[in-house]
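Visitor: Provided below: input19.cif, containing mmCIF, C-alpha atoms.
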data_run
loop_
_atom_site.label_atom_id
_atom_site.label_comp_id
_atom_site.auth_asym_id
_atom_site.auth_seq_id
_atom_site.Cartn_x
_atom_site.Cartn_y
_atom_site.Cartn_z
CA MET D 5 1.33 -31.79 -17.67
CA LYS D 6 2.54 -33.84 -14.71
CA THR D 7 5.70 -32.40 -13.17
CA THR D 8 8.57 -34.43 -11.73
CA THR D 9 7.76 -33.29 -8.20
CA GLU D 10 4.19 -34.58 -8.59
CA SER D 11 5.15 -37.87 -10.27
CA SER D 12 4.18 -41.09 -8.54
CA SER D 13 6.67 -42.53 -6.06
CA LYS D 14 8.92 -45.38 -7.18
CA TYR D 15 7.66 -47.23 -4.12
CA ASN D 16 4.18 -48.53 -3.37
CA SER D 17 2.28 -50.08 -0.48
CA LEU D 18 4.28 -47.95 1.94
CA GLU D 19 1.91 -48.83 4.77
CA LYS D 20 2.94 -52.48 4.44
CA MET D 21 6.65 -51.76 4.88
CA SER D 22 8.38 -52.25 8.21
CA VAL D 23 9.87 -49.17 9.87
CA LYS D 24 13.33 -50.40 8.86
CA GLU D 25 12.22 -50.73 5.22
CA LEU D 26 10.71 -47.24 5.29
CA LEU D 27 13.86 -45.70 6.75
CA THR D 28 16.17 -47.60 4.38
CA ASN D 29 14.20 -46.57 1.30
CA ILE D 30 13.90 -42.93 2.38
CA ASN D 31 17.65 -42.87 2.94
CA LYS D 32 18.22 -44.50 -0.44
CA GLU D 33 16.30 -41.67 -2.11
CA ASP D 34 18.01 -38.97 -0.02
CA LYS D 35 21.43 -40.18 -1.20
CA THR D 36 20.58 -39.13 -4.77
CA VAL D 37 20.14 -35.45 -3.86
CA PRO D 38 23.81 -34.32 -3.68
CA PHE D 39 24.51 -35.85 -7.09
CA GLU D 40 21.75 -33.77 -8.65
CA ILE D 41 23.04 -30.64 -6.91
CA GLU D 42 26.53 -31.31 -8.29
CA LYS D 43 25.17 -30.88 -11.80
CA ALA D 44 23.91 -27.41 -10.87
CA ILE D 45 27.17 -26.10 -9.36
CA PRO D 46 28.05 -23.91 -12.40
CA LYS D 47 24.68 -22.14 -12.09
CA ILE D 48 25.03 -21.83 -8.31
CA GLU D 49 28.51 -20.37 -8.79
CA LYS D 50 27.26 -17.68 -11.18
CA LEU D 51 24.49 -16.62 -8.83
CA ALA D 52 26.77 -16.60 -5.77
CA ASN D 53 29.29 -14.38 -7.59
CA VAL D 54 26.54 -11.93 -8.50
CA ILE D 55 25.32 -11.83 -4.89
CA VAL D 56 28.85 -11.09 -3.63
CA LYS D 57 29.18 -8.26 -6.16
CA GLN D 58 25.82 -6.74 -5.24
CA MET D 59 26.42 -7.04 -1.50
CA LYS D 60 29.78 -5.31 -1.80
CA GLN D 61 27.81 -2.42 -3.28
CA GLY D 62 25.49 -2.33 -0.26
CA GLY D 63 22.88 -4.72 -1.61
CA ARG D 64 20.88 -7.26 0.36
CA LEU D 65 19.79 -10.82 -0.33
CA PHE D 66 16.10 -11.70 -0.25
CA TYR D 67 14.48 -15.14 -0.35
CA ILE D 68 10.81 -15.42 -1.31
CA GLY D 69 8.79 -18.62 -1.11
CA ALA D 70 5.69 -20.37 0.19
CA GLY D 71 5.23 -23.31 2.55
CA THR D 72 8.32 -25.44 3.10
CA SER D 73 10.29 -23.42 0.54
CA GLY D 74 9.50 -20.16 2.30
CA ARG D 75 10.42 -21.59 5.69
CA LEU D 76 13.77 -22.83 4.37
CA GLY D 77 14.57 -19.33 3.13
CA ILE D 78 13.69 -17.87 6.52
CA VAL D 79 15.89 -20.43 8.30
CA ASP D 80 18.87 -19.60 6.09
CA ALA D 81 18.37 -15.85 6.46
CA SER D 82 17.91 -16.00 10.22
CA GLU D 83 21.14 -17.96 10.71
CA CYS D 84 23.39 -15.45 8.91
CA PRO D 85 23.61 -12.78 11.67
CA PRO D 86 24.52 -15.17 14.53
CA THR D 87 26.87 -17.26 12.40
CA TYR D 88 28.66 -14.49 10.52
CA GLY D 89 27.97 -11.35 12.55
CA VAL D 90 26.29 -9.55 9.65
CA PRO D 91 23.60 -6.97 10.45
CA GLN D 92 19.97 -8.03 10.76
CA GLY D 93 18.31 -7.24 7.45
CA MET D 94 21.28 -8.06 5.24
CA VAL D 95 19.70 -11.43 4.37
CA ILE D 96 15.90 -11.51 4.54
CA GLY D 97 13.46 -14.39 4.14
CA LEU D 98 9.87 -13.66 3.14
CA ILE D 99 7.07 -16.24 3.15
CA ALA D 100 3.63 -16.12 1.55
CA GLY D 101 1.13 -15.44 4.31
CA GLY D 102 3.58 -13.52 6.48
CA ASP D 103 5.20 -14.55 9.73
CA ARG D 104 2.21 -16.56 10.93
CA ALA D 105 2.79 -18.88 7.95
CA ILE D 106 6.12 -19.93 9.46
CA ARG D 107 4.30 -22.13 11.98
CA LYS D 108 0.94 -22.73 10.37
CA ALA D 109 -0.15 -23.01 6.74
CA VAL D 110 -2.09 -19.97 5.52
CA GLU D 111 -4.69 -21.08 2.99
CA PHE D 112 -4.24 -19.81 -0.57
CA ALA D 113 -1.51 -17.32 0.44
CA GLU D 114 0.84 -18.70 -2.21
CA ASP D 115 -1.76 -18.07 -4.93
CA ASP D 116 -1.58 -14.26 -4.61
CA LYS D 117 0.65 -13.12 -7.47
CA GLU D 118 0.84 -9.51 -6.21
CA GLN D 119 1.75 -10.06 -2.56
CA ALA D 120 5.48 -10.85 -2.85
CA TRP D 121 6.18 -7.49 -4.47
CA LYS D 122 4.17 -5.74 -1.74
CA ASP D 123 6.22 -7.61 0.87
CA LEU D 124 9.46 -6.61 -0.84
CA LEU D 125 8.39 -2.97 -1.05
CA GLU D 126 7.98 -2.93 2.73
CA HIS D 127 11.74 -3.52 2.88
CA LYS D 128 12.41 -0.75 0.35
CA ILE D 129 13.74 -3.21 -2.23
CA ASN D 130 16.12 -1.57 -4.73
CA SER D 131 18.38 -2.34 -7.67
CA ASN D 132 21.38 -3.17 -5.45
CA ASP D 133 19.50 -6.15 -4.01
CA VAL D 134 19.16 -9.76 -5.16
CA VAL D 135 15.94 -11.78 -4.89
CA ILE D 136 15.91 -15.58 -5.01
CA GLY D 137 12.59 -17.34 -5.49
CA ILE D 138 12.38 -20.75 -3.83
CA ALA D 139 9.69 -23.13 -5.13
CA ALA D 140 9.96 -26.89 -5.44
CA SER D 141 7.21 -27.01 -8.06
CA GLY D 142 8.43 -23.88 -9.82
CA SER D 143 4.85 -22.75 -10.30
CA THR D 144 4.05 -20.80 -7.11
CA PRO D 145 2.23 -17.58 -8.14
CA TYR D 146 3.61 -15.67 -5.10
CA VAL D 147 7.14 -16.37 -6.32
CA VAL D 148 6.45 -15.89 -10.05
CA GLY D 149 4.80 -12.52 -9.45
CA GLY D 150 7.55 -11.31 -7.15
CA LEU D 151 10.30 -12.18 -9.60
CA GLU D 152 8.44 -10.60 -12.52
CA GLN D 153 8.19 -7.30 -10.68
CA CYS D 154 11.85 -7.48 -9.69
CA ASN D 155 12.82 -7.92 -13.33
CA LYS D 156 10.76 -4.87 -14.28
CA ASN D 157 12.61 -2.85 -11.65
CA ASN D 158 16.12 -3.93 -12.65
CA ILE D 159 16.63 -6.14 -9.59
CA VAL D 160 18.75 -9.30 -9.96
CA THR D 161 16.62 -12.44 -9.74
CA GLY D 162 17.44 -16.09 -9.16
CA CYS D 163 15.55 -19.24 -8.26
CA ILE D 164 15.89 -22.69 -6.72
CA VAL D 165 13.37 -25.14 -8.21
CA CYS D 166 13.03 -28.89 -8.57
CA ASN D 167 11.31 -29.17 -11.96
CA LYS D 168 12.70 -28.45 -15.43
CA GLY D 169 11.27 -25.59 -17.46
CA SER D 170 9.01 -24.22 -14.72
CA ASN D 171 7.31 -20.82 -14.73
CA VAL D 172 9.61 -19.62 -11.93
CA ALA D 173 12.72 -20.67 -13.86
CA LYS D 174 11.44 -18.94 -16.99
CA VAL D 175 11.19 -15.66 -15.07
CA ALA D 176 14.39 -15.83 -13.00
CA LYS D 177 17.57 -14.47 -14.60
CA HIS D 178 19.71 -17.01 -12.71
CA LYS D 179 17.91 -20.34 -12.56
CA ILE D 180 19.04 -23.26 -10.41
CA GLU D 181 17.10 -26.40 -11.29
CA VAL D 182 17.77 -29.44 -9.10
CA VAL D 183 15.53 -32.23 -10.38
CA VAL D 184 15.61 -34.87 -7.66
CA GLY D 185 12.83 -37.04 -9.09
CA PRO D 186 9.62 -38.38 -7.53
CA GLU D 187 9.31 -38.12 -3.76
CA PHE D 188 9.15 -41.22 -1.54
CA VAL D 189 5.63 -40.14 -0.57
CA THR D 190 4.16 -38.89 -3.84
CA GLY D 191 4.16 -35.08 -3.98
CA SER D 192 5.67 -34.58 -0.52
CA THR D 193 8.23 -31.98 -1.58
CA ARG D 194 9.35 -31.33 1.99
CA MET D 195 11.43 -34.48 1.51
CA LYS D 196 14.03 -34.70 -1.32
CA SER D 197 13.08 -31.35 -2.84
CA GLY D 198 13.27 -29.63 0.53
CA THR D 199 16.63 -31.28 1.22
CA ALA D 200 17.95 -30.09 -2.13
CA GLN D 201 16.78 -26.53 -1.51
CA LYS D 202 18.32 -26.49 1.97
CA LEU D 203 21.67 -27.74 0.66
CA VAL D 204 21.74 -25.17 -2.15
CA LEU D 205 20.86 -22.38 0.29
CA ASN D 206 23.70 -23.53 2.55
CA MET D 207 26.08 -23.42 -0.41
CA ILE D 208 25.00 -19.96 -1.51
CA SER D 209 24.98 -18.18 1.86
CA THR D 210 28.15 -19.88 3.11
CA SER D 211 30.20 -19.15 -0.01
CA VAL D 212 28.90 -15.56 -0.13
CA MET D 213 29.75 -14.90 3.52
CA ILE D 214 33.24 -16.34 3.08
CA LYS D 215 33.87 -14.14 0.03
CA LEU D 216 32.63 -11.14 2.01
CA GLY D 217 35.39 -11.82 4.55
CA ARG D 218 33.22 -13.23 7.30
CA VAL D 219 35.39 -16.33 7.81
CA LYS D 220 39.10 -16.45 8.62
CA GLY D 221 40.92 -19.69 7.86
CA ASN D 222 37.96 -21.93 8.55
CA LYS D 223 36.62 -20.14 11.63
CA MET D 224 33.48 -18.06 12.23
CA VAL D 225 35.43 -15.13 13.64
CA ASP D 226 32.44 -12.76 13.60
CA MET D 227 29.87 -15.08 15.20
CA GLN D 228 27.58 -13.62 17.84
CA LEU D 229 28.31 -14.73 21.40
CA SER D 230 24.71 -15.66 22.11
CA ASN D 231 25.24 -18.60 24.50
CA ASN D 232 27.87 -20.28 26.67
CA LYS D 233 28.73 -22.84 23.99
CA LEU D 234 29.64 -20.10 21.52
CA VAL D 235 31.61 -18.17 24.14
CA ASP D 236 33.58 -21.36 24.83
CA ARG D 237 34.13 -21.94 21.11
CA GLY D 238 35.25 -18.37 20.59
CA THR D 239 37.62 -18.57 23.55
CA LYS D 240 39.28 -21.69 22.16
CA MET D 241 39.59 -20.09 18.73
CA ILE D 242 41.44 -17.11 20.23
CA ALA D 243 43.66 -19.33 22.39
CA ASP D 244 44.67 -21.36 19.32
CA GLU D 245 45.18 -18.34 17.09
CA ILE D 246 47.43 -16.26 19.36
CA ASN D 247 48.77 -19.02 21.61
CA VAL D 248 47.53 -17.79 25.00
CA SER D 249 45.84 -19.54 27.91
CA TYR D 250 42.12 -20.26 27.90
CA LYS D 251 41.67 -17.74 30.73
CA LYS D 252 43.48 -14.96 28.86
CA ALA D 253 41.60 -15.75 25.64
CA ASN D 254 38.29 -15.61 27.47
CA GLU D 255 39.18 -12.24 28.97
CA LEU D 256 40.01 -10.87 25.53
CA LEU D 257 36.81 -12.24 24.02
CA LEU D 258 34.59 -10.75 26.70
CA LYS D 259 36.42 -7.42 26.46
CA TYR D 260 36.25 -7.04 22.68
CA GLY D 261 33.03 -8.95 21.96
CA SER D 262 34.19 -10.98 18.97
CA VAL D 263 36.96 -13.38 17.99
CA ARG D 264 38.13 -11.10 15.18
CA LYS D 265 38.38 -7.99 17.36
CA ALA D 266 40.06 -9.89 20.17
CA VAL D 267 42.72 -11.32 17.84
CA ASP D 268 43.22 -7.98 16.07
CA SER D 269 43.73 -6.25 19.41
CA THR D 270 46.92 -8.26 19.98
CA LYS D 271 48.40 -7.14 16.66
CA LYS D 272 48.31 -3.42 17.35
#
Give the structure from the file, written as structure tokens.
Guide:
Amino acid sequence: MKTTTESSSKYNSLEKMSVKELLTNINKEDKTVPFEIEKAIPKIEKLANVIVKQMKQGGRLFYIGAGTSGRLGIVDASECPPTYGVPQGMVIGLIAGGDRAIRKAVEFAEDDKEQAWKDLLEHKINSNDVVIGIAASGSTPYVVGGLEQCNKNNIVTGCIVCNKGSNVAKVAKHKIEVVVGPEFVTGSTRMKSGTAQKLVLNMISTSVMIKLGRVKGNKMVDMQLSNNKLVDRGTKMIADEINVSYKKANELLLKYGSVRKAVDSTKK
């Protein structure tokens, strides 16, 4: 059965298009993605609420995937500590083939149905945790096998897929299906499907971190001060919040190490 993600592109003779035509048509297809995600918001909401509940009980969030999907999970996980000041290991991305697969495709790694569970066991996965399988096709054995084992061990499972009725969605307890239609280049799921997955991941991790108290107002008050730009941003946030000079705000930030702690220090 031909899946939506493998269906033939609506466009043909791509090599005969001008660069402007290529860009315009890619953009035209990309514009459809948020509308498909909108339909899935109720499912995303349910999963996000479960993640918040589990994390408040000490649980962690895991992403498992292969290829582009796996890399997107790793990107989202790796951005949580610097953005929200959460500990390393609170959100973890795992990719079929291991870390070397982040940069270079590892042949047939995604076809190993047992490996995801082995990878999760290395992190001492437990029933407080949540595991989200990311797979555009929804058929990746690495993801299917990992979610099946999680279900057997009473671990909350979810998924982000881009086909209806896929094997991954059948296994996951919380399924998010964002069917974005045929890709501009037939089967190239790093395009619309990848965009959809990235947007959904943004929605999940951002809403979860906000509900865990990692944002105040609309500011990243727990962000790590890992470069001069972020130190400058943090300084301005403090200056605005407590109405002091830039110099004084900077002194407070460098003394206390975070926007939240610096602001709280003035309220004692």
Visitor: Taking (34.5, -15.4, 24.5) in the file's coordinates, which residues come within 7 Å, counting all atoms listed in the file, written as a list in words?
Guide: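 In the file's frame, the residues around the point are Leu229, Val235, Asp236, Gly238, Thr239, Asn254, Leu257 and Leu258 of chain D.
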Visitor: Ranking D:Asn155, D:Ser13, D:Asn222, D:Ser262 by minimum distance to Phe188 in chain D and counting all atoms listed in the file, which one comes first?
Guide: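 Looking only at the distances to Phe188 in chain D, the closest residue turns out to be D:Ser13.
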Visitor: Near Gly71 in chain D, counting all atoms listed in the file, which residues have an atom at most 9 Å away, once you skip same-chain residues fewer than 4 positions from it, shown as a PyMOL selection string?
Guide: chain D and resi 75-76+99-100+105-106+108-110+114+139
Visitor: Which of these, D:Val54, D:Ala70, D:Cys163, D:Val183, has the shortest distance to Phe39 in chain D once you count all atoms listed in the file?
Guide: D:Val183
Visitor: Could you list, as an MDAnalysis selection string, every residue matched by the PyMOL selection byres ((chain D and resi 80) around 9) in this structure?
Guide: chainID D and resid 67 75:79 81:84 95:97 202 205:206 209
Visitor: Quick one: residues within 10 Å of (20.8, -37.4, -6.8) (file frame), counting all atoms listed in the file, please, as a PDB file with C-alpha atoms, in the coordinates of the input.
Guide:
ATOM      1  CA  LYS D  32      18.220 -44.500  -0.440  1.00  0.00           C
ATOM      2  CA  GLU D  33      16.300 -41.670  -2.110  1.00  0.00           C
ATOM      3  CA  ASP D  34      18.010 -38.970  -0.020  1.00  0.00           C
ATOM      4  CA  LYS D  35      21.430 -40.180  -1.200  1.00  0.00           C
ATOM      5  CA  THR D  36      20.580 -39.130  -4.770  1.00  0.00           C
ATOM      6  CA  VAL D  37      20.140 -35.450  -3.860  1.00  0.00           C
ATOM      7  CA  PRO D  38      23.810 -34.320  -3.680  1.00  0.00           C
ATOM      8  CA  PHE D  39      24.510 -35.850  -7.090  1.00  0.00           C
ATOM      9  CA  GLU D  40      21.750 -33.770  -8.650  1.00  0.00           C
ATOM     10  CA  ILE D  41      23.040 -30.640  -6.910  1.00  0.00           C
ATOM     11  CA  GLU D  42      26.530 -31.310  -8.290  1.00  0.00           C
ATOM     12  CA  LYS D  43      25.170 -30.880 -11.800  1.00  0.00           C
ATOM     13  CA  VAL D 182      17.770 -29.440  -9.100  1.00  0.00           C
ATOM     14  CA  VAL D 183      15.530 -32.230 -10.380  1.00  0.00           C
ATOM     15  CA  VAL D 184      15.610 -34.870  -7.660  1.00  0.00           C
ATOM     16  CA  GLY D 185      12.830 -37.040  -9.090  1.00  0.00           C
ATOM     17  CA  LYS D 196      14.030 -34.700  -1.320  1.00  0.00           C
ATOM     18  CA  ALA D 200      17.950 -30.090  -2.130  1.00  0.00           C
TER      19      ALA D 200
END
Visitor: Do a neighbour search on Tyr260 in chain D at 12 Å with only C-alpha atoms, toss out local chain neighbours closer than 4 positions, and write the hits as a list of chain:residue names.
Guide: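 Once the nearby chain positions are removed, what remains is D:Asp226, D:Gln228, D:Leu229, D:Gly238, D:Thr239, D:Ile242, D:Ala253, D:Asn254, D:Glu255, D:Leu256, D:Arg264, D:Lys265, D:Ala266, D:Val267, D:Asp268, D:Ser269, D:Thr270.
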Visitor: Report the distance between CA of Lys117 in chain D and CA of Val165 in chain D in Å, rounded to one decimal place.
Guide: 17.5 Å
Visitor: Which residue gives the smallest distance to Pro91 in chain D among D:Lys251, D:His127, D:Arg64, D:Lys168, with only C-alpha atoms counted?
Guide: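 Smallest separation from Pro91 in chain D among the options: D:Arg64.
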Visitor: Any chance you could resolve the PyMOL selection byres ((chain D and resi 119) around 8) against this file and give the residues as a list in words?
Guide: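 Evaluating the PyMOL selection byres ((chain D and resi 119) around 8) on these coordinates yields Ala100, Asp116, Lys117, Glu118, Ala120, Trp121, Lys122, Asp123, Tyr146, Gly149 and Gly150 of chain D.
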Visitor: Restricted to C-alpha atoms, what would the selected residues look like written as a compact mmCIF listing (two decimals), keeping the file's coordinate frame?
Guide:
# COMPACT_ATOMS: atom_id res chain seq x y z
CA ALA D 100 3.63 -16.12 1.55
CA ASP D 116 -1.58 -14.26 -4.61
CA LYS D 117 0.65 -13.12 -7.47
CA GLU D 118 0.84 -9.51 -6.21
CA ALA D 120 5.48 -10.85 -2.85
CA TRP D 121 6.18 -7.49 -4.47
CA LYS D 122 4.17 -5.74 -1.74
CA ASP D 123 6.22 -7.61 0.87
CA TYR D 146 3.61 -15.67 -5.10
CA GLY D 149 4.80 -12.52 -9.45
CA GLY D 150 7.55 -11.31 -7.15
Visitor: Quick one: pull the distance between CA of Ser22 in chain D and CA of Thr8 in chain D, Å, one decimal.
Guide: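 Going from CA of Ser22 in chain D over to CA of Thr8 in chain D covers 26.7 Å.
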Visitor: Would you work out the distance separating CA of Gly191 in chain D from CA of Thr9 in chain D, expressed in Å to one decimal?
Guide: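 Distance between the two atoms: 5.8 Å.
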Visitor: Which of these, D:Val23, D:Met213, D:Val175, D:Met207, has the shortest distance to Lys57 in chain D once you count only C-alpha atoms?
Guide: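 Closest to Lys57 in chain D, using only C-alpha atoms: D:Met213.
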Visitor: What lies within 9 Å of Val212 in chain D using only C-alpha atoms, ignoring chain neighbours under 6 positions off, as a PyMOL selection string?
Guide: chain D and resi 52-53+55-56+59+218
Visitor: Can you turn the PyMOL selection byres ((chain D and resi 178) around 7) into a concrete residue list for this file, as a compact mmCIF listing (two decimals) with C-alpha atoms, in the coordinates of the input?
Guide:
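The file below, selection.txt, is the result:
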# COMPACT_ATOMS: atom_id res chain seq x y z
CA LEU D 51 24.49 -16.62 -8.83
CA THR D 161 16.62 -12.44 -9.74
CA GLY D 162 17.44 -16.09 -9.16
CA CYS D 163 15.55 -19.24 -8.26
CA ALA D 176 14.39 -15.83 -13.00
CA LYS D 177 17.57 -14.47 -14.60
CA LYS D 179 17.91 -20.34 -12.56
CA ILE D 180 19.04 -23.26 -10.41
Visitor: Kindly indicate which residue among D:Ser143, D:Thr87, D:Glu126, D:Val160 lies nearest to Val225 in chain D, using only C-alpha atoms for the distances.
Guide: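 So, comparing all the options, the nearest one is D:Thr87.
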Visitor: Pick out the closest residue to Lys47 in chain D from this set: D:Val135, D:Asn247, D:Asn31, D:Val204. Count all atoms listed in the file.
Guide: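 Looking only at the distances to Lys47 in chain D, the closest residue turns out to be D:Val204.
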Visitor: So that I can see what lies close to Ser12 in chain D, please list as number ranges by chain the residues with an atom at most 8 Å from it, counting all atoms listed in the file and leaving out residues fewer than 3 positions away in the same chain.
Guide: D: 186-187, 190-191
Visitor: Deliver the residues from the most recent selection as a file, using C-alpha atoms, as an mmCIF file, keeping the file's coordinate frame.
Guide:
data_model
loop_
_atom_site.group_PDB
_atom_site.id
_atom_site.type_symbol
_atom_site.label_atom_id
_atom_site.label_comp_id
_atom_site.auth_asym_id
_atom_site.auth_seq_id
_atom_site.Cartn_x
_atom_site.Cartn_y
_atom_site.Cartn_z
ATOM 1 C CA PRO D 186 9.620 -38.380 -7.530
ATOM 2 C CA GLU D 187 9.310 -38.120 -3.760
ATOM 3 C CA THR D 190 4.160 -38.890 -3.840
ATOM 4 C CA GLY D 191 4.160 -35.080 -3.980
#
